[in-house]
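All remarks here apply to the structure that follows.
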Amino acid sequence: MSNFLVVRQGDTERWTLNDPASRNALSDGMVVALFEACLRAKADDRLRAVVLTGAGGAFCAGGSLGHFASAIGQPLAEGAHDPLIDANRAFGDVLHALTELPQLLLVAVDGPAMGGGFGLVCCGDVVLATQRSVFATPEVTLGLPPAQIAPFVWRRLGDRAARDCLLSGRHFSASEARDLGLVNDVVADGELEEALADTLKRHRAAAPGATAATKQLLRRLHGPLPDLRDEAAIAFASALRGPEAAAGLKAFARKQPAPWVEGGA
């Protein structure tokens, strides 16, 4: 079964991160599929809206590091090209592609949206979340920089709130995320589909060409984000191979405090 599902209904597509066993962690295959869906959607004049969501009671647990487990804490051989850089850069490409969609991008969160999942949420034009949803960028608590998502979190939330999220790693409830400006509306658990339908119906009053033009103007109003994809990928790969990430991820797996936390082993 595919870990990324695309369902078309008229002029709307539903994109579902579909790996419940990992809480929809962003595997290499899922990242590629999401990027390809963005490229196809950008060229589809008949597509008016995209709904991005997750399966199985979670939105997205963030990046999947299982494929690179052997690289954690291991220095790169001198002169070798680091595949971690390519993998992390590919996710940065997805974030940029999502923000460049001419269609309305509606993100529907039900459950945790962590790390890279938090970054995906920041790309949405409209974000709905259930009351049980929780949001965090826990990378720094694991010894890693939230490299690719940082510019998107900063643009979505502003400097003060972005620093609060990115530098602490603390968790935010759905209502707190709404207060931050990350989430537009919070709905009761079990009522997400109804809220999605209502939101899509409301936005159908907007002409597709006008929507695309407005999104382009809004991007120009903000100004282009500095393209940090290469720099971010190098920083993330370097950190993943370093001692902090090795210690932090080991402590996380054991449900223990990291060494830099008071009382950590």
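We label chains A, B, ... in the order they appear in the structure tokens, count residues from 1 in each chain, and number ligands from 1 in the order shown.
Close contacts of Asn24 of chain A, defined as residues with an atom at most 10 Å away when counting only C-alpha atoms, with chain neighbours fewer than 2 positions off set aside, comprise Asn3, Phe4, Thr16, Leu17, Asn18, Asp19, Pro20, Ala21, Ser22, Leu26, Ser27, Met30, Thr53, Gly54, Ala55, Gly56, Gly57, Ala58, Phe59, Cys60, Ala61, Gly62, Gly63, Ser64, Pro112, Ala113 and Gly117 of chain A.
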**Spatial neighbours of Ala150 of chain A, 12 Å, only C-alpha atoms, chain gap at least 4 places, as a ChimeraX atom specification** = /A:92,95,115-116,118-120,122-123,137,139-140,145-146,154-159,161-167,225-229,231-233,236
Each segment 59-121 of chain A residue no farther than 12 Å from segment 210-220 of chain A, nearest pair in Å, only C-alpha atoms, as a tab-separated table:
```
residue	atom	partner	partner_atom	distance
A:His96	CA	A:Arg219	CA	11.4
A:Leu98	CA	A:Lys215	CA	11.9
A:Thr99	CA	A:Arg219	CA	8.5
A:Glu100	CA	A:Gln216	CA	8.0
A:Leu101	CA	A:Ala212	CA	8.0
A:Pro102	CA	A:Ala212	CA	4.4
A:Gln103	CA	A:Ala212	CA	6.1
A:Leu104	CA	A:Thr211	CA	7.3
A:Leu105	CA	A:Lys215	CA	10.5
```
List as a Markdown table every residue of segment 216-250 of chain A that is in contact with segment 75-91 of chain A, defined as an atom at most 7 Å from one of its atoms (using only C-alpha atoms), together with the nearest atom pair and the distance in Å rounded to one decimal, sorted by chain and then rising number.
```
| residue | atom | partner | partner_atom | distance |
| --- | --- | --- | --- | --- |
| A:Arg229 | CA | A:Arg89 | CA | 5.7 |
| A:Asp230 | CA | A:Arg89 | CA | 6.3 |
| A:Ala233 | CA | A:Ile85 | CA | 4.9 |
| A:Ile234 | CA | A:Ile85 | CA | 5.6 |
| A:Ala237 | CA | A:Leu84 | CA | 5.3 |
| A:Arg241 | CA | A:Pro75 | CA | 5.5 |
| A:Gly242 | CA | A:Pro75 | CA | 6.9 |
```
**Message:** Quick check for you: according to DSSP on this backbone, which residues of segment 12-182 of chain A are classed as strand (DSSP E)? Reply as JSON, numbers by chain.
**Reply:** {"A": [12, 13, 14, 15, 16, 17, 49, 50, 51, 52, 53, 54, 104, 105, 106, 107, 108, 109, 112, 113, 114, 126, 127, 128, 129, 130, 134, 135, 136, 172, 173]}
Generate the output file for the selected residues, N, CA, C and O atoms, as a compact mmCIF listing (two decimals), in the first residue's frame.
```
# COMPACT_ATOMS: atom_id res chain seq x y z
N THR A 12 -10.82 19.23 -6.73
CA THR A 12 -10.10 19.20 -5.46
C THR A 12 -9.35 17.89 -5.32
O THR A 12 -9.85 16.83 -5.71
N GLU A 13 -8.13 17.95 -4.81
CA GLU A 13 -7.37 16.74 -4.51
C GLU A 13 -7.10 16.66 -3.02
O GLU A 13 -6.83 17.66 -2.36
N ARG A 14 -7.15 15.43 -2.52
CA ARG A 14 -6.81 15.16 -1.12
C ARG A 14 -5.50 14.37 -1.12
O ARG A 14 -5.42 13.28 -1.69
N TRP A 15 -4.49 14.92 -0.49
CA TRP A 15 -3.18 14.27 -0.37
C TRP A 15 -3.04 13.78 1.07
O TRP A 15 -3.10 14.57 2.01
N THR A 16 -2.84 12.47 1.21
CA THR A 16 -2.80 11.88 2.55
C THR A 16 -1.45 11.22 2.80
O THR A 16 -1.03 10.33 2.06
N LEU A 17 -0.77 11.66 3.84
CA LEU A 17 0.42 10.98 4.34
C LEU A 17 -0.08 9.69 5.00
O LEU A 17 -0.85 9.75 5.95
N ALA A 49 -8.14 23.27 -5.45
CA ALA A 49 -7.80 23.18 -4.03
C ALA A 49 -7.11 21.86 -3.75
O ALA A 49 -7.39 20.83 -4.38
N VAL A 50 -6.20 21.91 -2.78
CA VAL A 50 -5.50 20.72 -2.30
C VAL A 50 -5.70 20.64 -0.79
O VAL A 50 -5.51 21.64 -0.08
N VAL A 51 -6.09 19.46 -0.31
CA VAL A 51 -6.18 19.20 1.12
C VAL A 51 -5.05 18.26 1.49
O VAL A 51 -4.93 17.16 0.94
N LEU A 52 -4.21 18.68 2.41
CA LEU A 52 -3.10 17.86 2.88
C LEU A 52 -3.41 17.39 4.30
O LEU A 52 -3.67 18.21 5.19
N THR A 53 -3.37 16.07 4.50
CA THR A 53 -3.73 15.53 5.81
C THR A 53 -2.92 14.27 6.08
O THR A 53 -2.08 13.87 5.26
N GLY A 54 -3.14 13.65 7.23
CA GLY A 54 -2.45 12.43 7.60
C GLY A 54 -3.44 11.35 7.99
O GLY A 54 -4.57 11.64 8.40
N LEU A 104 -5.51 26.85 -3.61
CA LEU A 104 -5.69 26.92 -2.16
C LEU A 104 -5.11 25.64 -1.55
O LEU A 104 -5.43 24.53 -1.97
N LEU A 105 -4.24 25.79 -0.55
CA LEU A 105 -3.69 24.65 0.17
C LEU A 105 -4.29 24.65 1.57
O LEU A 105 -4.00 25.53 2.39
N LEU A 106 -5.13 23.66 1.82
CA LEU A 106 -5.81 23.52 3.10
C LEU A 106 -5.17 22.36 3.85
O LEU A 106 -5.19 21.23 3.37
N VAL A 107 -4.59 22.63 5.00
CA VAL A 107 -3.92 21.60 5.80
C VAL A 107 -4.86 21.20 6.93
O VAL A 107 -5.33 22.05 7.70
N ALA A 108 -5.12 19.90 7.03
CA ALA A 108 -6.04 19.37 8.04
C ALA A 108 -5.25 18.49 9.01
O ALA A 108 -4.73 17.44 8.62
N VAL A 109 -5.15 18.92 10.24
CA VAL A 109 -4.33 18.25 11.25
C VAL A 109 -5.22 17.55 12.26
O VAL A 109 -6.07 18.18 12.88
N PRO A 112 -0.69 14.52 16.21
CA PRO A 112 0.58 15.23 16.30
C PRO A 112 1.09 15.73 14.95
O PRO A 112 0.97 15.07 13.94
N ALA A 113 1.66 16.93 14.99
CA ALA A 113 2.38 17.52 13.85
C ALA A 113 3.72 17.98 14.40
O ALA A 113 3.83 19.03 15.02
N MET A 114 4.74 17.18 14.18
CA MET A 114 6.04 17.38 14.81
C MET A 114 7.14 17.65 13.78
O MET A 114 7.13 17.07 12.70
N VAL A 126 -4.73 27.76 4.67
CA VAL A 126 -5.69 27.62 5.77
C VAL A 126 -5.35 26.33 6.51
O VAL A 126 -5.10 25.30 5.88
N VAL A 127 -5.33 26.40 7.83
CA VAL A 127 -5.00 25.23 8.65
C VAL A 127 -6.13 24.97 9.63
O VAL A 127 -6.50 25.86 10.41
N LEU A 128 -6.67 23.76 9.58
CA LEU A 128 -7.67 23.31 10.55
C LEU A 128 -7.04 22.25 11.43
O LEU A 128 -6.24 21.43 10.96
N ALA A 129 -7.40 22.22 12.71
CA ALA A 129 -6.86 21.22 13.62
C ALA A 129 -7.94 20.77 14.59
O ALA A 129 -8.80 21.56 15.00
N THR A 130 -7.89 19.51 14.95
CA THR A 130 -8.78 18.99 15.98
C THR A 130 -8.23 19.34 17.35
O THR A 130 -7.05 19.66 17.52
N VAL A 134 -1.51 18.23 18.50
CA VAL A 134 -0.42 18.83 19.26
C VAL A 134 0.70 19.15 18.28
O VAL A 134 0.91 18.43 17.29
N PHE A 135 1.42 20.23 18.54
CA PHE A 135 2.42 20.75 17.61
C PHE A 135 3.74 21.00 18.34
O PHE A 135 3.75 21.48 19.48
N ALA A 136 4.85 20.69 17.67
CA ALA A 136 6.15 20.96 18.27
C ALA A 136 7.24 20.87 17.22
O ALA A 136 7.08 20.21 16.19
N PHE A 172 2.81 22.50 21.85
CA PHE A 172 1.70 23.44 21.85
C PHE A 172 0.40 22.69 21.59
O PHE A 172 0.33 21.86 20.67
N SER A 173 -0.62 22.98 22.36
CA SER A 173 -1.94 22.43 22.09
C SER A 173 -2.52 23.09 20.85
O SER A 173 -2.00 24.09 20.35
```
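Within the 10 Å cut-off around segment 250-253 of chain A, using only C-alpha atoms and omitting residues fewer than 3 positions from it on the same chain, the listed residues are Ile72, Thr141, Leu142, Glu244, Ala245, Ala246, Ala247, Gln256, Pro257, Ala258, Pro259, Gly264 and Ala265 of chain A.
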**Request:** Please return as a list in words: the residues of segment 117-171 of chain A that backbone DSSP assigns to helix (DSSP H, G or I).
**Result:** Gly117, Phe118, Gly119, Leu120, Val121, Cys122, Pro138, Glu139, Val140, Thr141, Leu142, Ala150, Pro151, Phe152, Val153, Trp154, Arg155, Arg156, Leu157, Asp159, Arg160, Ala161, Ala162, Arg163, Asp164, Cys165, Leu166, Leu167 and Ser168 of chain A
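Separating atom CA of Arg204 of chain A from atom CA of Gly10 of chain A is a distance of 12.4 Å.
Between atom CA of Ala43 of chain A and atom CA of Asp110 of chain A the separation is 29.0 Å.
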**Fill in**
Of A:Gln9, A:Ser2, A:Arg48, A:Gly124, the one nearest to Gly29 of chain A when counting only C-alpha atoms is A:Ser2
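Going from atom CA of Arg170 of chain A over to atom CA of Asp185 of chain A, you cover 20.9 Å.
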